[in-house]
Amino acid sequence: MNLRECFDKRLLRREKPSLDRSIRSIEVAGSKLEEAEKALEHDLTDAAIVLSYTSMFHAARALLFRDGVVEKSHICLIEYLRENYVKAGRMSEAFVNAFDFLRVERHETLYGLETRSGRRDAEYGLKRTKEFVSMIKDLL
């Protein structure tokens, strides 16, 4: 799905920019990042992946709230970042690729039939999440 389709299907929609919601979302991202670190310390790799993704999701939403966009689709959120931040040179595609990787990992963790996520994936996800949240804070 491309960005235009996301807006046409109202999976993304324009509304008044909200600095308050943006700030709150980046705070939630920080909180979920701390929880992901604690989960990994206790070898709870599934939880670390889910919480890492949740942190990235809230960090990304902080940009959208600031830009006056509300999302109803995780993939459309990623497409928005690709079109409005990567193509504009304000964000590395590697960040968005890591975000998308964690989106898939989170989905498999929650809905797949595998019994447990690997520690390497959880460590990778946590490392990328720390970088992503930091980068988003710089953009804000």
# chains A, B, ... in the order shown; residues from 1 in each chain; ligands from 1

call {"tool": "residues_around", "arguments": {"residues": "range 59-70 of chain A", "least_positions_apart": "5", "cutoff": "9 Å", "atoms": "only C-alpha atoms", "output": "CSV table (one decimal) with N, CA and C atoms, in the first residue's frame"}}
result
chain,number,residue,atom,x,y,z
A,11,LEU,N,-6.7,5.4,6.5
A,11,LEU,CA,-5.8,4.8,7.4
A,11,LEU,C,-4.8,5.8,8.0
A,12,LEU,N,-4.7,6.9,7.3
A,12,LEU,CA,-4.0,8.1,7.7
A,12,LEU,C,-4.9,9.2,7.5
A,13,ARG,N,-5.0,10.2,8.4
A,13,ARG,CA,-5.9,11.3,8.1
A,13,ARG,C,-5.3,12.6,8.7
A,14,ARG,N,-5.6,13.6,8.1
A,14,ARG,CA,-5.0,14.9,8.6
A,14,ARG,C,-5.9,15.5,9.7
A,15,GLU,N,-5.3,16.1,10.6
A,15,GLU,CA,-6.0,16.8,11.7
A,15,GLU,C,-5.1,17.9,12.2
A,16,LYS,N,-5.5,18.6,13.1
A,16,LYS,CA,-4.7,19.8,13.7
A,16,LYS,C,-3.5,19.2,14.3
A,17,PRO,N,-2.3,19.8,14.0
A,17,PRO,CA,-1.1,19.3,14.7
A,17,PRO,C,-1.2,19.5,16.2
A,18,SER,N,-0.6,18.5,17.0
A,18,SER,CA,-0.8,18.6,18.4
A,18,SER,C,0.6,18.3,19.1
A,19,LEU,N,1.2,19.4,19.6
A,19,LEU,CA,2.4,19.3,20.3
A,19,LEU,C,2.3,18.5,21.6
A,20,ASP,N,1.1,18.7,22.2
A,20,ASP,CA,0.8,17.9,23.5
A,20,ASP,C,0.8,16.4,23.3
A,21,ARG,N,0.1,16.0,22.2
A,21,ARG,CA,0.1,14.5,21.9
A,21,ARG,C,1.4,14.0,21.5
A,22,SER,N,2.2,14.9,20.8
A,22,SER,CA,3.5,14.5,20.3
A,22,SER,C,4.4,14.3,21.5
A,23,ILE,N,4.4,15.2,22.5
A,23,ILE,CA,5.2,15.1,23.7
A,23,ILE,C,4.8,13.8,24.5
A,24,ARG,N,3.5,13.6,24.6
A,24,ARG,CA,3.0,12.5,25.4
A,24,ARG,C,3.5,11.2,24.7
A,25,SER,N,3.4,11.1,23.4
A,25,SER,CA,3.8,9.9,22.7
A,25,SER,C,5.3,9.6,22.8
A,26,ILE,N,6.1,10.6,22.8
A,26,ILE,CA,7.5,10.4,22.9
A,26,ILE,C,7.9,10.0,24.4
A,27,GLU,N,7.1,10.4,25.3
A,27,GLU,CA,7.2,10.0,26.7
A,27,GLU,C,6.8,8.5,26.9
A,28,VAL,N,5.8,8.1,26.2
A,28,VAL,CA,5.4,6.7,26.2
A,28,VAL,C,6.5,5.8,25.6
A,29,ALA,N,7.0,6.3,24.5
A,29,ALA,CA,8.1,5.6,23.8
A,29,ALA,C,9.3,5.4,24.8
A,30,GLY,N,9.6,6.4,25.5
A,30,GLY,CA,10.7,6.2,26.5
A,30,GLY,C,10.4,5.2,27.6
A,54,THR,N,6.7,-1.4,20.4
A,54,THR,CA,5.8,-0.4,20.9
A,54,THR,C,6.5,0.9,21.1
A,77,LEU,N,1.8,4.0,8.8
A,77,LEU,CA,2.7,4.8,9.6
A,77,LEU,C,4.1,4.7,9.0
A,78,ILE,N,4.5,3.5,8.7
A,78,ILE,CA,5.9,3.2,8.1
A,78,ILE,C,5.9,3.9,6.7
A,80,TYR,N,4.3,6.5,5.7
A,80,TYR,CA,4.4,8.0,6.0
A,80,TYR,C,5.9,8.4,6.2
A,81,LEU,N,6.5,7.6,7.1
A,81,LEU,CA,7.9,7.9,7.4
A,81,LEU,C,8.8,7.9,6.1
A,132,PHE,N,16.5,4.7,17.3
A,132,PHE,CA,15.3,5.3,16.7
A,132,PHE,C,14.7,6.3,17.6
A,133,VAL,N,14.5,6.0,18.8
A,133,VAL,CA,13.9,7.0,19.8
A,133,VAL,C,14.8,8.2,19.9
A,136,ILE,N,14.4,10.3,16.8
A,136,ILE,CA,13.0,11.0,16.7
A,136,ILE,C,13.1,12.2,17.7
A,137,LYS,N,13.7,12.0,18.9
A,137,LYS,CA,13.8,13.1,19.8
A,137,LYS,C,14.5,14.3,19.2
A,139,LEU,N,14.7,15.0,16.0
A,139,LEU,CA,13.8,15.6,15.0
A,139,LEU,C,12.7,16.4,15.6
A,140,LEU,N,12.3,16.1,16.8
A,140,LEU,CA,11.2,16.9,17.4
A,140,LEU,C,11.8,18.1,18.0

call {"tool": "residues_around", "arguments": {"residues": "range 108-113 of chain A", "least_positions_apart": "3", "cutoff": "8 Å", "atoms": "only C-alpha atoms", "output": "CSV table (one decimal) with C-alpha atoms, in the first residue's frame"}}
result
chain,number,residue,atom,x,y,z
A,46,ASP,CA,9.2,-12.1,23.4
A,49,ILE,CA,10.5,-7.5,21.1
A,50,VAL,CA,6.9,-6.4,21.7
A,104,VAL,CA,7.0,-8.2,11.6
A,105,GLU,CA,8.8,-9.7,14.6
A,116,ARG,CA,9.9,-18.0,21.6
A,117,SER,CA,11.8,-15.2,19.9

call {"tool": "atom_distance", "arguments": {"atom1": "CA of Glu83 in chain A", "atom2": "CA of Asp100 in chain A"}}
result
14.3 Å

call {"tool": "closest_residue", "arguments": {"among": "A:Lys38, A:Lys32, A:Tyr53, A:Phe7", "to": "His107 in chain A", "atoms": "only C-alpha atoms"}}
result
A:Tyr53

call {"tool": "residues_around", "arguments": {"residues": "Arg82 in chain A", "least_positions_apart": "5", "cutoff": "8 Å", "atoms": "only C-alpha atoms", "output": "JSON, numbers by chain"}}
result
{"A": [87, 93, 96]}
